[in-house]
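S.K.: Provided below: coords-v3.cif, containing mmCIF, C-alpha atoms.
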```cif
data_coords
#
loop_
_atom_site.group_PDB
_atom_site.id
_atom_site.type_symbol
_atom_site.label_atom_id
_atom_site.label_comp_id
_atom_site.auth_asym_id
_atom_site.auth_seq_id
_atom_site.Cartn_x
_atom_site.Cartn_y
_atom_site.Cartn_z
ATOM 1 C CA MET A 1 0.000 0.000 0.000
ATOM 2 C CA LYS A 2 2.816 2.414 0.914
ATOM 3 C CA VAL A 3 4.640 1.699 -2.351
ATOM 4 C CA LEU A 4 1.466 2.318 -4.321
ATOM 5 C CA ILE A 5 0.930 5.644 -2.555
ATOM 6 C CA ALA A 6 4.543 6.717 -3.202
ATOM 7 C CA LEU A 7 4.241 5.817 -6.890
ATOM 8 C CA SER A 8 0.968 7.701 -7.191
ATOM 9 C CA VAL A 9 2.436 10.819 -5.569
ATOM 10 C CA HIS A 10 5.517 10.717 -7.804
ATOM 11 C CA LEU A 11 3.358 10.472 -10.921
ATOM 12 C CA LEU A 12 1.174 13.280 -9.606
ATOM 13 C CA SER A 13 4.201 15.537 -9.090
ATOM 14 C CA VAL A 14 5.287 14.996 -12.690
ATOM 15 C CA LEU A 15 1.809 15.833 -13.927
ATOM 16 C CA LEU A 16 1.682 18.936 -11.735
ATOM 17 C CA VAL A 17 4.804 20.460 -13.287
ATOM 18 C CA SER A 18 3.985 19.505 -16.852
ATOM 19 C CA ALA A 19 0.387 20.595 -16.568
ATOM 20 C CA HIS A 20 1.216 24.137 -15.432
ATOM 21 C CA GLY A 21 4.456 24.770 -17.264
ATOM 22 C CA GLY A 22 2.755 27.357 -19.474
ATOM 23 C CA HIS A 23 0.084 28.481 -16.987
ATOM 24 C CA GLU A 24 -2.586 27.132 -19.320
ATOM 25 C CA ASP A 25 -5.319 24.528 -18.948
ATOM 26 C CA SER A 26 -4.452 21.125 -20.385
ATOM 27 C CA GLU A 27 -5.458 17.487 -20.310
ATOM 28 C CA GLU A 28 -2.995 16.897 -17.479
ATOM 29 C CA ASN A 29 -4.959 19.330 -15.307
ATOM 30 C CA ALA A 30 -7.968 17.065 -15.601
ATOM 31 C CA GLN A 31 -5.881 14.069 -14.510
ATOM 32 C CA LEU A 32 -4.625 16.028 -11.532
ATOM 33 C CA ALA A 33 -8.146 17.016 -10.522
ATOM 34 C CA ASN A 34 -9.266 13.370 -10.577
ATOM 35 C CA ALA A 35 -6.648 12.212 -8.068
ATOM 36 C CA ASP A 36 -7.732 11.404 -4.497
ATOM 37 C CA TYR A 37 -7.690 14.501 -2.320
ATOM 38 C CA ALA A 38 -5.268 13.023 0.242
ATOM 39 C CA ILE A 39 -2.647 12.116 -2.374
ATOM 40 C CA ARG A 40 -3.030 15.426 -4.202
ATOM 41 C CA HIS A 41 -2.829 17.333 -0.909
ATOM 42 C CA MET A 42 0.395 15.629 0.207
ATOM 43 C CA ALA A 43 2.037 16.125 -3.198
ATOM 44 C CA THR A 44 1.137 19.761 -3.759
ATOM 45 C CA GLU A 45 0.945 21.169 -0.228
ATOM 46 C CA HIS A 46 3.571 19.183 1.672
ATOM 47 C CA HIS A 47 5.878 17.961 -1.136
ATOM 48 C CA ILE A 48 5.973 14.556 0.526
ATOM 49 C CA ASP A 49 6.425 11.762 -2.002
ATOM 50 C CA SER A 50 6.181 8.762 0.307
ATOM 51 C CA PHE A 51 3.698 8.299 3.139
ATOM 52 C CA ASP A 52 1.205 5.868 4.633
ATOM 53 C CA MET A 53 -2.143 6.335 6.342
ATOM 54 C CA GLU A 54 -0.605 6.461 9.809
ATOM 55 C CA SER A 55 1.816 9.261 8.879
ATOM 56 C CA PHE A 56 -0.978 11.196 7.137
ATOM 57 C CA PHE A 57 -3.137 10.930 10.250
ATOM 58 C CA GLN A 58 -0.337 11.993 12.611
ATOM 59 C CA LEU A 59 0.682 14.902 10.388
ATOM 60 C CA HIS A 60 -2.813 16.384 10.684
ATOM 61 C CA ASP A 61 -3.344 15.533 14.368
ATOM 62 C CA LEU A 62 -2.238 19.010 15.341
ATOM 63 C CA ASN A 63 -2.641 18.748 19.111
ATOM 64 C CA ARG A 64 -1.280 15.166 19.233
ATOM 65 C CA ASP A 65 -4.249 13.793 21.194
ATOM 66 C CA GLY A 66 -4.675 10.787 18.895
ATOM 67 C CA VAL A 67 -7.900 11.903 17.173
ATOM 68 C CA TRP A 68 -9.110 14.473 14.666
ATOM 69 C CA ASP A 69 -11.630 16.997 15.978
ATOM 70 C CA ARG A 70 -13.647 19.512 13.934
ATOM 71 C CA GLU A 71 -10.893 22.151 13.965
ATOM 72 C CA GLU A 72 -8.297 19.671 12.725
ATOM 73 C CA ILE A 73 -10.601 18.464 9.959
ATOM 74 C CA GLU A 74 -11.090 22.080 8.881
ATOM 75 C CA ALA A 75 -7.300 22.533 8.938
ATOM 76 C CA ILE A 76 -6.789 19.524 6.640
ATOM 77 C CA TYR A 77 -8.787 21.431 4.040
ATOM 78 C CA GLY A 78 -7.344 24.869 4.828
ATOM 79 C CA VAL A 79 -10.831 26.215 5.519
ATOM 80 C CA HIS A 80 -9.598 29.230 7.474
ATOM 81 C CA HIS A 81 -6.621 30.040 5.255
ATOM 82 C CA VAL A 82 -6.646 33.521 3.736
ATOM 83 C CA TYR A 83 -7.105 32.061 0.229
ATOM 84 C CA SER A 84 -10.229 30.222 1.386
ATOM 85 C CA GLN A 85 -11.572 33.257 3.242
ATOM 86 C CA LYS A 86 -11.272 35.366 0.095
ATOM 87 C CA LYS A 87 -13.731 33.018 -1.613
ATOM 88 C CA SER A 88 -16.403 33.613 1.043
ATOM 89 C CA LYS A 89 -18.438 36.804 0.676
ATOM 90 C CA ASP A 90 -18.862 37.250 4.448
ATOM 91 C CA GLU A 91 -18.339 35.572 7.827
ATOM 92 C CA ILE A 92 -21.733 33.837 7.718
ATOM 93 C CA GLU A 93 -20.955 32.173 4.394
ATOM 94 C CA HIS A 94 -17.468 31.271 5.601
ATOM 95 C CA GLN A 95 -18.839 29.563 8.736
ATOM 96 C CA LYS A 96 -21.299 27.608 6.594
ATOM 97 C CA LYS A 97 -18.329 26.428 4.527
ATOM 98 C CA ALA A 98 -16.455 25.315 7.640
ATOM 99 C CA ASP A 99 -19.517 23.463 8.944
ATOM 100 C CA GLN A 100 -20.082 21.774 5.588
ATOM 101 C CA VAL A 101 -16.512 20.455 5.500
ATOM 102 C CA ALA A 102 -16.465 19.186 9.092
ATOM 103 C CA ASP A 103 -20.004 17.721 8.988
ATOM 104 C CA THR A 104 -19.385 15.893 5.703
ATOM 105 C CA VAL A 105 -16.103 14.331 6.837
ATOM 106 C CA LEU A 106 -17.505 13.317 10.223
ATOM 107 C CA LYS A 107 -20.546 11.722 8.556
ATOM 108 C CA LEU A 108 -18.239 9.617 6.367
ATOM 109 C CA LEU A 109 -15.600 8.685 8.948
ATOM 110 C CA ASP A 110 -17.006 9.079 12.482
ATOM 111 C CA LYS A 111 -18.797 5.748 12.882
ATOM 112 C CA ASP A 112 -19.482 5.994 16.622
ATOM 113 C CA GLY A 113 -20.831 9.536 16.382
ATOM 114 C CA ASP A 114 -18.632 11.080 19.085
ATOM 115 C CA GLY A 115 -17.614 14.028 16.902
ATOM 116 C CA LYS A 116 -14.034 12.802 16.457
ATOM 117 C CA VAL A 117 -12.150 10.612 13.992
ATOM 118 C CA THR A 118 -9.830 7.914 15.317
ATOM 119 C CA PRO A 119 -6.964 6.310 13.364
ATOM 120 C CA GLU A 120 -9.058 3.117 13.164
ATOM 121 C CA GLU A 121 -12.022 4.988 11.675
ATOM 122 C CA PHE A 122 -9.741 6.691 9.156
ATOM 123 C CA THR A 123 -8.118 3.363 8.202
ATOM 124 C CA ALA A 124 -11.547 1.801 7.693
ATOM 125 C CA VAL A 125 -12.400 4.197 4.838
ATOM 126 C CA GLY A 126 -8.860 4.677 3.469
ATOM 127 C CA LEU A 127 -7.265 7.696 1.812
ATOM 128 C CA SER A 128 -9.960 7.730 -0.855
ATOM 129 C CA GLY A 129 -12.527 8.297 1.870
ATOM 130 C CA LEU A 130 -11.520 11.936 2.278
ATOM 131 C CA PRO A 131 -13.726 13.997 -0.060
ATOM 132 C CA SER A 132 -12.611 17.080 -1.975
ATOM 133 C CA PHE A 133 -14.021 20.554 -1.347
ATOM 134 C CA ASP A 134 -12.117 22.450 -4.030
ATOM 135 C CA ASP A 135 -15.401 23.645 -5.490
ATOM 136 C CA ILE A 136 -16.114 25.771 -2.391
ATOM 137 C CA GLY A 137 -12.543 27.063 -2.005
ATOM 138 C CA ALA A 138 -11.306 24.663 0.694
ATOM 139 C CA GLU A 139 -8.153 23.592 -1.141
ATOM 140 C CA GLY A 140 -5.972 22.509 1.767
ATOM 141 C CA HIS A 141 -3.561 25.433 2.040
ATOM 142 C CA HIS A 142 -1.647 25.564 5.341
ATOM 143 C CA TYR A 143 1.100 28.169 5.053
ATOM 144 C CA ASP A 144 1.178 31.976 4.968
ATOM 145 C CA VAL A 145 0.737 33.799 1.667
ATOM 146 C CA GLU A 146 4.474 34.295 1.126
ATOM 147 C CA SER A 147 5.208 30.628 1.720
ATOM 148 C CA GLU A 148 2.324 29.495 -0.482
ATOM 149 C CA PHE A 149 3.735 31.570 -3.350
ATOM 150 C CA PHE A 150 7.112 29.876 -3.109
ATOM 151 C CA LEU A 151 5.602 26.428 -2.574
ATOM 152 C CA HIS A 152 3.015 26.456 -5.352
ATOM 153 C CA HIS A 153 4.437 28.918 -7.845
ATOM 154 C CA GLU A 154 8.094 29.930 -7.485
ATOM 155 C CA GLU A 155 9.449 26.401 -7.133
ATOM 156 C CA GLN A 156 7.363 25.095 -10.029
ATOM 157 C CA TYR A 157 7.755 27.856 -12.588
ATOM 158 C CA HIS A 158 10.876 29.838 -11.588
ATOM 159 C CA SER A 159 13.315 27.182 -10.417
ATOM 160 C CA THR A 160 15.998 27.657 -13.097
ATOM 161 C CA PRO A 161 18.188 30.662 -14.058
ATOM 162 C CA GLU A 162 16.305 30.947 -17.349
ATOM 163 C CA THR A 163 12.969 31.340 -15.558
ATOM 164 C CA GLN A 164 14.270 33.801 -12.949
ATOM 165 C CA THR A 165 14.901 36.758 -15.247
ATOM 166 C CA ASP A 166 12.838 39.947 -14.923
ATOM 167 C CA ALA A 167 11.075 39.092 -18.174
ATOM 168 C CA SER A 168 9.910 35.755 -16.721
ATOM 169 C CA TYR A 169 7.911 37.232 -13.856
ATOM 170 C CA THR A 170 4.922 38.315 -15.907
ATOM 171 C CA HIS A 171 2.259 35.785 -14.945
ATOM 172 C CA PRO A 172 -0.833 36.924 -12.993
ATOM 173 C CA GLU A 173 0.457 35.147 -9.873
ATOM 174 C CA ASP A 174 3.754 37.053 -10.112
ATOM 175 C CA LEU A 175 2.092 40.428 -10.595
ATOM 176 C CA GLU A 176 -0.276 39.861 -7.656
ATOM 177 C CA HIS A 177 2.610 38.743 -5.427
ATOM 178 C CA PHE A 178 4.813 41.742 -6.217
ATOM 179 C CA SER A 179 1.840 44.070 -5.845
ATOM 180 C CA GLN A 180 1.339 42.763 -2.308
ATOM 181 C CA HIS A 181 5.014 43.406 -1.534
ATOM 182 C CA ALA A 182 4.752 46.939 -2.893
ATOM 183 C CA ALA A 183 1.691 47.581 -0.732
ATOM 184 C CA ILE A 184 3.477 46.318 2.392
ATOM 185 C CA GLU A 185 6.519 48.502 1.702
ATOM 186 C CA ARG A 186 4.278 51.514 1.015
ATOM 187 C CA GLU A 187 2.529 51.050 4.370
ATOM 188 C CA GLU A 188 5.883 50.846 6.162
ATOM 189 C CA ALA A 189 7.079 53.989 4.375
ATOM 190 C CA GLU A 190 3.908 55.823 5.456
ATOM 191 C CA ARG A 191 4.512 54.871 9.088
ATOM 192 C CA GLU A 192 8.155 55.953 8.868
ATOM 193 C CA ALA A 193 7.149 59.244 7.252
ATOM 194 C CA ILE A 194 4.731 60.043 10.088
ATOM 195 C CA PHE A 195 7.309 59.114 12.729
ATOM 196 C CA GLN A 196 10.091 61.190 11.129
ATOM 197 C CA GLY A 197 7.922 64.077 9.950
ATOM 198 C CA ILE A 198 8.920 63.661 6.290
ATOM 199 C CA THR A 199 7.068 62.812 3.097
ATOM 200 C CA VAL A 200 6.372 59.229 2.058
ATOM 201 C CA GLU A 201 8.590 59.687 -1.006
ATOM 202 C CA GLU A 202 11.494 60.784 1.213
ATOM 203 C CA ALA A 203 10.995 57.733 3.410
ATOM 204 C CA ILE A 204 11.051 55.465 0.360
ATOM 205 C CA ARG A 205 14.243 57.090 -0.946
ATOM 206 C CA GLN A 206 15.975 56.290 2.345
ATOM 207 C CA HIS A 207 15.846 52.617 1.387
ATOM 208 C CA GLU A 208 16.968 53.005 -2.211
ATOM 209 C CA GLU A 209 20.427 51.939 -3.271
ATOM 210 C CA PRO A 210 22.806 54.922 -3.520
ATOM 211 C CA PRO A 211 23.977 55.729 -7.071
ATOM 212 C CA ALA A 212 27.247 54.191 -8.119
ATOM 213 C CA ARG A 213 30.256 56.477 -7.938
ATOM 214 C CA PRO A 214 31.889 57.355 -11.256
ATOM 215 C CA ALA A 215 35.173 55.642 -11.930
ATOM 216 C CA PRO A 216 38.229 57.868 -11.284
ATOM 217 C CA PRO A 217 40.198 59.014 -14.353
ATOM 218 C CA ALA A 218 42.996 56.741 -15.418
ATOM 219 C CA GLU A 219 46.473 57.828 -14.381
ATOM 220 C CA SER A 220 49.489 57.464 -16.602
ATOM 221 C CA ALA A 221 51.939 56.746 -13.795
ATOM 222 C CA PRO A 222 51.754 53.173 -12.469
ATOM 223 C CA LYS A 223 50.469 52.848 -8.959
ATOM 224 C CA PRO A 224 52.478 50.985 -6.373
ATOM 225 C CA LYS A 225 51.360 47.407 -5.823
ATOM 226 C CA ILE A 226 49.310 47.006 -2.696
ATOM 227 C CA THR A 227 49.179 43.771 -0.787
ATOM 228 C CA ARG A 228 45.681 43.223 0.489
ATOM 229 C CA GLY A 229 44.300 40.821 3.041
ATOM 230 C CA VAL A 230 41.676 38.178 2.405
ATOM 231 C CA PRO A 231 38.411 39.864 1.286
ATOM 232 C CA PRO A 232 35.375 39.331 3.579
ATOM 233 C CA GLU A 233 33.498 37.219 1.041
ATOM 234 C CA LYS A 234 36.372 34.718 0.954
ATOM 235 C CA GLN A 235 37.047 34.555 4.661
ATOM 236 C CA ASP A 236 36.307 31.469 6.677
ATOM 237 C CA PRO A 237 32.862 31.966 8.349
ATOM 238 C CA VAL A 238 34.422 31.177 11.732
ATOM 239 C CA VAL A 239 36.805 34.111 11.294
ATOM 240 C CA LYS A 240 34.347 36.395 9.526
ATOM 241 C CA TYR A 241 31.632 36.152 12.188
ATOM 242 C CA LYS A 242 33.720 35.600 15.325
ATOM 243 C CA ASP A 243 32.760 39.016 16.753
ATOM 244 C CA ILE A 244 29.128 39.029 15.533
ATOM 245 C CA GLY A 245 27.829 38.645 19.097
ATOM 246 C CA LYS A 246 29.660 41.720 20.385
ATOM 247 C CA GLU A 247 28.756 43.729 17.298
ATOM 248 C CA SER A 248 25.062 42.785 17.618
ATOM 249 C CA ASP A 249 24.977 44.040 21.216
ATOM 250 C CA SER A 250 26.229 47.437 20.029
ATOM 251 C CA GLN A 251 23.404 47.880 17.504
ATOM 252 C CA SER A 252 20.591 50.252 18.460
ATOM 253 C CA GLU A 253 16.919 49.515 17.813
ATOM 254 C CA TRP A 254 15.615 50.315 14.294
ATOM 255 C CA GLY A 255 14.794 54.015 14.046
ATOM 256 C CA THR A 256 16.814 55.043 17.108
ATOM 257 C CA GLY A 257 20.382 56.090 17.838
ATOM 258 C CA GLU A 258 22.894 57.370 15.309
ATOM 259 C CA GLN A 259 21.993 54.656 12.828
ATOM 260 C CA GLY A 260 18.320 55.702 12.712
ATOM 261 C CA TYR A 261 16.754 54.259 9.564
ATOM 262 C CA LYS A 262 20.032 53.593 7.805
ATOM 263 C CA GLN A 263 19.795 50.624 5.448
ATOM 264 C CA PRO A 264 21.557 47.613 7.036
ATOM 265 C CA ASN A 265 24.618 46.383 5.163
ATOM 266 C CA THR A 266 26.567 44.219 7.578
ATOM 267 C CA PRO A 267 25.380 41.000 9.255
ATOM 268 C CA ALA A 268 25.440 42.752 12.633
ATOM 269 C CA GLU A 269 23.286 45.629 11.328
ATOM 270 C CA LYS A 270 20.753 43.098 10.047
ATOM 271 C CA THR A 271 20.221 41.856 13.617
ATOM 272 C CA ARG A 272 18.823 45.209 14.784
ATOM 273 C CA LYS A 273 15.592 44.891 16.707
ATOM 274 C CA ASN A 274 12.304 45.711 14.867
ATOM 275 C CA LEU A 275 13.977 45.690 11.440
ATOM 276 C CA PRO A 276 11.136 46.143 8.843
ATOM 277 C CA TYR A 277 9.721 43.360 6.675
ATOM 278 C CA LYS A 278 11.613 44.233 3.491
ATOM 279 C CA GLU A 279 15.017 44.129 5.203
ATOM 280 C CA ARG A 280 14.552 40.638 6.586
ATOM 281 C CA ILE A 281 16.190 37.530 5.218
ATOM 282 C CA GLN A 282 13.806 35.085 3.521
ATOM 283 C CA TYR A 283 13.979 31.465 4.477
ATOM 284 C CA LYS A 284 13.582 28.350 2.363
ATOM 285 C CA PHE A 285 11.470 25.358 3.103
ATOM 286 C CA ARG A 286 12.800 21.884 3.567
ATOM 287 C CA ARG A 287 10.329 19.391 2.288
ATOM 288 C CA ASN A 288 11.264 16.153 3.960
ATOM 289 C CA TRP A 289 9.061 14.027 6.153
ATOM 290 C CA GLY A 290 11.452 14.773 9.051
ATOM 291 C CA ASP A 291 10.438 18.455 8.953
ATOM 292 C CA PHE A 292 6.923 17.682 10.195
#
```
Write out the structure in this file as structure tokens.
M.R.:
Amino acid sequence: MKVLIALSVHLLSVLLVSAHGGHEDSEENAQLANADYAIRHMATEHHIDSFDMESFFQLHDLNRDGVWDREEIEAIYGVHHVYSQKKSKDEIEHQKKADQVADTVLKLLDKDGDGKVTPEEFTAVGLSGLPSFDDIGAEGHHYDVESEFFLHHEEQYHSTPETQTDASYTHPEDLEHFSQHAAIEREEAEREAIFQGITVEEAIRQHEEPPARPAPPAESAPKPKITRGVPPEKQDPVVKYKDIGKESDSQSEWGTGEQGYKQPNTPAEKTRKNLPYKERIQYKFRRNWGDF
């Protein structure tokens, strides 16, 4: 059974990439839509290519009490994720969606009627026993919007140097994503402008890269040879960051002290407290079963 599940997920992953390579509908999309929800969910949301029913159950038993309750069933389908909420016109409709998902799953799996699903009840119906609610916008998303973009879009369509050029980021998903970033940065600039008593445009310019200095004119006389030390980018990390702790302690909070709103350049400056969203370092996901 486990081998069959792994093979199905691997085939599904291949279809997922080929079906969306051009961001157009295709026959492969139909094949993807016909897969069991559990297999499709693990392949597209968790990037797990080998699992059994026990690991699926434990992964979604969020409070580790050995059963699924209504909230955990709703979480399996991402009912309260921002993407799902956007597809509900108001809170009343959204609650009806949540109730529909939980009630339907409990009716299919909860044989003793106690309002919970045990591993034995889940095993009795199998992975195919979990219905799909894609038609009402419960698509199983778990992560924040930024993470969902990288998980479902960036890694699939912009994973090579050729697809990471400026000209490649023209799809609707890309434009929406960058628009959200621009809105976040604009809001931060507005707050900075109010705090500093300057215009929003002046606050934005504070974070722009300074113009490059013109190259000095060439001199006819040869310059003496200078022996330089090892550049920072080639230094051993142990040597390069040996004083990072002391340097971090000397950094003032963002917006205070002599540094004020100066753009951080060194590793120590990037550890300043309350550093805004756009100055932070993005992280990457590891998609192994051991991560969960």
S.K.: Please, what distance in Å, to one decimal, runs between atom CA of A:Pro264 and atom CA of A:Ile194?
M.R.: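 Answer for the atom CA of A:Pro264 to atom CA of A:Ile194 separation: 21.1 Å.
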S.K.: Running the PyMOL selection byres ((chain A and resi 62) around 12) on this model by hand, what would come out? Give it as a list in words.
M.R.: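 Matching residues under the PyMOL selection byres ((chain A and resi 62) around 12) are Phe56, Phe57, Gln58, Leu59, His60, Asp61, Asn63, Arg64, Asp65, Gly66, Val67, Trp68, Asp69, Arg70, Glu71, Glu72, Ile73, Glu74, Ala75, Ile76, His142 and Phe292 of chain A.
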S.K.: Please provide the set of residues having any atom within 8 Å of stretch 118-133 of chain A, restricted to all atoms listed in the file, with same-chain residues fewer than 6 positions apart removed, written as a list in words.
M.R.: Asp36, Tyr37, Ala38, Ile39, Met53, Glu54, Phe57, Gly66, Val67, Trp68, Tyr77, Val101, Val105, Leu108, Leu109, Asp110, Lys111 and Glu139 of chain A
S.K.: For A:Thr199, find every residue with an atom within 12 Å (counting only C-alpha atoms), except residues of its own chain fewer than 6 positions away, and show them as a list of chain:residue names.
M.R.: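 Skipping anything fewer than 6 positions along the chain leaves A:Arg186, A:Ala189, A:Glu190, A:Arg191, A:Glu192, A:Ala193, A:Arg205, A:Gln206.
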S.K.: Which one is closest to A:Pro210: A:His171, A:His80, A:Lys262, A:Arg228? Count all atoms listed in the file.
M.R.: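 Counting all atoms listed in the file, the residue closest to A:Pro210 is A:Lys262.
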S.K.: Taking all atoms listed in the file into account, which of A:Lys273, A:Arg213, A:His207, A:His81 comes nearest A:His141?
M.R.: A:His81
S.K.: Check the smallest atom-to-atom distance from each of A:Gln235, A:Ser168, A:Thr256, A:Gln263 to A:Phe195 using all atoms listed in the file, then report the winner.
M.R.: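 Using all atoms listed in the file, the shortest distance to A:Phe195 belongs to A:Thr256.
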S.K.: Can you spell out as a list in words the set of residues that the PyMOL selection byres ((chain A and resi 136) around 9) selects in the structure I just provided?
M.R.: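 Against this file, the PyMOL selection byres ((chain A and resi 136) around 9) returns the residues Ser84, Lys87, Ser88, Lys97, Phe133, Asp134, Asp135, Gly137, Ala138 and Glu139 of chain A.
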S.K.: Between atom CA of A:Glu185 and atom CA of A:Ile198, what is the spacing in Å?
M.R.: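 Interatomic distance here is 16.0 Å.
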S.K.: Quick one: what's the axis-aligned box for stretch 106-111 of chain A, all listed atoms, 5 Å on every side, centre and edges in Å to one decimal, as JSON?
M.R.:
```
{"center_x": -18.1, "center_y": 9.5, "center_z": 9.6, "size_x": 14.9, "size_y": 17.6, "size_z": 16.5}
```
S.K.: Provide the atom CA of A:Tyr157 to atom CA of A:Leu175 distance in Å, to one decimal place.
M.R.: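 Going from atom CA of A:Tyr157 over to atom CA of A:Leu175 covers 13.9 Å.
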S.K.: I need the residue nearest A:Val82 from this list: A:Gly140, A:Pro211, A:Gly229, A:Gly113. Use only C-alpha atoms for the distance.
M.R.: A:Gly140
S.K.: Just save stretch 62-79 of chain A with N, CA, C and O atoms, as a compact mmCIF listing (two decimals), in the first residue's frame.
M.R.:
```
# COMPACT_ATOMS: atom_id res chain seq x y z
N LEU A 62 -3.03 17.84 14.96
CA LEU A 62 -2.24 19.01 15.34
C LEU A 62 -1.95 19.09 16.84
O LEU A 62 -0.89 19.57 17.24
N ASN A 63 -2.88 18.66 17.67
CA ASN A 63 -2.64 18.75 19.11
C ASN A 63 -2.14 17.43 19.71
O ASN A 63 -2.01 17.30 20.92
N ARG A 64 -1.89 16.45 18.84
CA ARG A 64 -1.28 15.17 19.23
C ARG A 64 -2.10 14.44 20.32
O ARG A 64 -1.54 13.81 21.21
N ASP A 65 -3.43 14.50 20.21
CA ASP A 65 -4.25 13.79 21.19
C ASP A 65 -4.77 12.46 20.65
O ASP A 65 -5.56 11.78 21.30
N GLY A 66 -4.33 12.09 19.45
CA GLY A 66 -4.67 10.79 18.89
C GLY A 66 -5.96 10.72 18.11
O GLY A 66 -6.33 9.66 17.61
N VAL A 67 -6.66 11.86 17.95
CA VAL A 67 -7.90 11.90 17.17
C VAL A 67 -7.95 13.22 16.38
O VAL A 67 -7.24 14.16 16.68
N TRP A 68 -8.83 13.23 15.39
CA TRP A 68 -9.11 14.47 14.67
C TRP A 68 -10.41 15.06 15.21
O TRP A 68 -11.44 14.37 15.25
N ASP A 69 -10.39 16.32 15.61
CA ASP A 69 -11.63 17.00 15.98
C ASP A 69 -12.06 17.90 14.82
O ASP A 69 -11.45 17.91 13.76
N ARG A 70 -13.12 18.67 15.02
CA ARG A 70 -13.65 19.51 13.93
C ARG A 70 -12.60 20.51 13.44
O ARG A 70 -12.45 20.73 12.22
N GLU A 71 -11.88 21.15 14.37
CA GLU A 71 -10.89 22.15 13.96
C GLU A 71 -9.78 21.53 13.13
O GLU A 71 -9.30 22.14 12.16
N GLU A 72 -9.36 20.32 13.48
CA GLU A 72 -8.30 19.67 12.73
C GLU A 72 -8.78 19.22 11.36
O GLU A 72 -8.03 19.26 10.38
N ILE A 73 -10.03 18.82 11.26
CA ILE A 73 -10.60 18.46 9.96
C ILE A 73 -10.66 19.70 9.07
O ILE A 73 -10.32 19.66 7.88
N GLU A 74 -11.07 20.83 9.65
CA GLU A 74 -11.09 22.08 8.88
C GLU A 74 -9.69 22.47 8.44
O GLU A 74 -9.49 23.00 7.34
N ALA A 75 -8.69 22.20 9.28
CA ALA A 75 -7.30 22.53 8.94
C ALA A 75 -6.79 21.68 7.80
O ALA A 75 -5.99 22.14 6.97
N ILE A 76 -7.21 20.40 7.74
CA ILE A 76 -6.79 19.52 6.64
C ILE A 76 -7.17 20.14 5.30
O ILE A 76 -6.44 20.03 4.32
N TYR A 77 -8.30 20.83 5.28
CA TYR A 77 -8.79 21.43 4.04
C TYR A 77 -8.48 22.92 3.94
O TYR A 77 -8.93 23.58 3.00
N GLY A 78 -7.71 23.46 4.90
CA GLY A 78 -7.34 24.87 4.83
C GLY A 78 -8.54 25.80 4.83
O GLY A 78 -8.51 26.87 4.18
N VAL A 79 -9.58 25.43 5.55
CA VAL A 79 -10.83 26.22 5.52
C VAL A 79 -10.60 27.66 5.93
O VAL A 79 -11.16 28.58 5.33
```
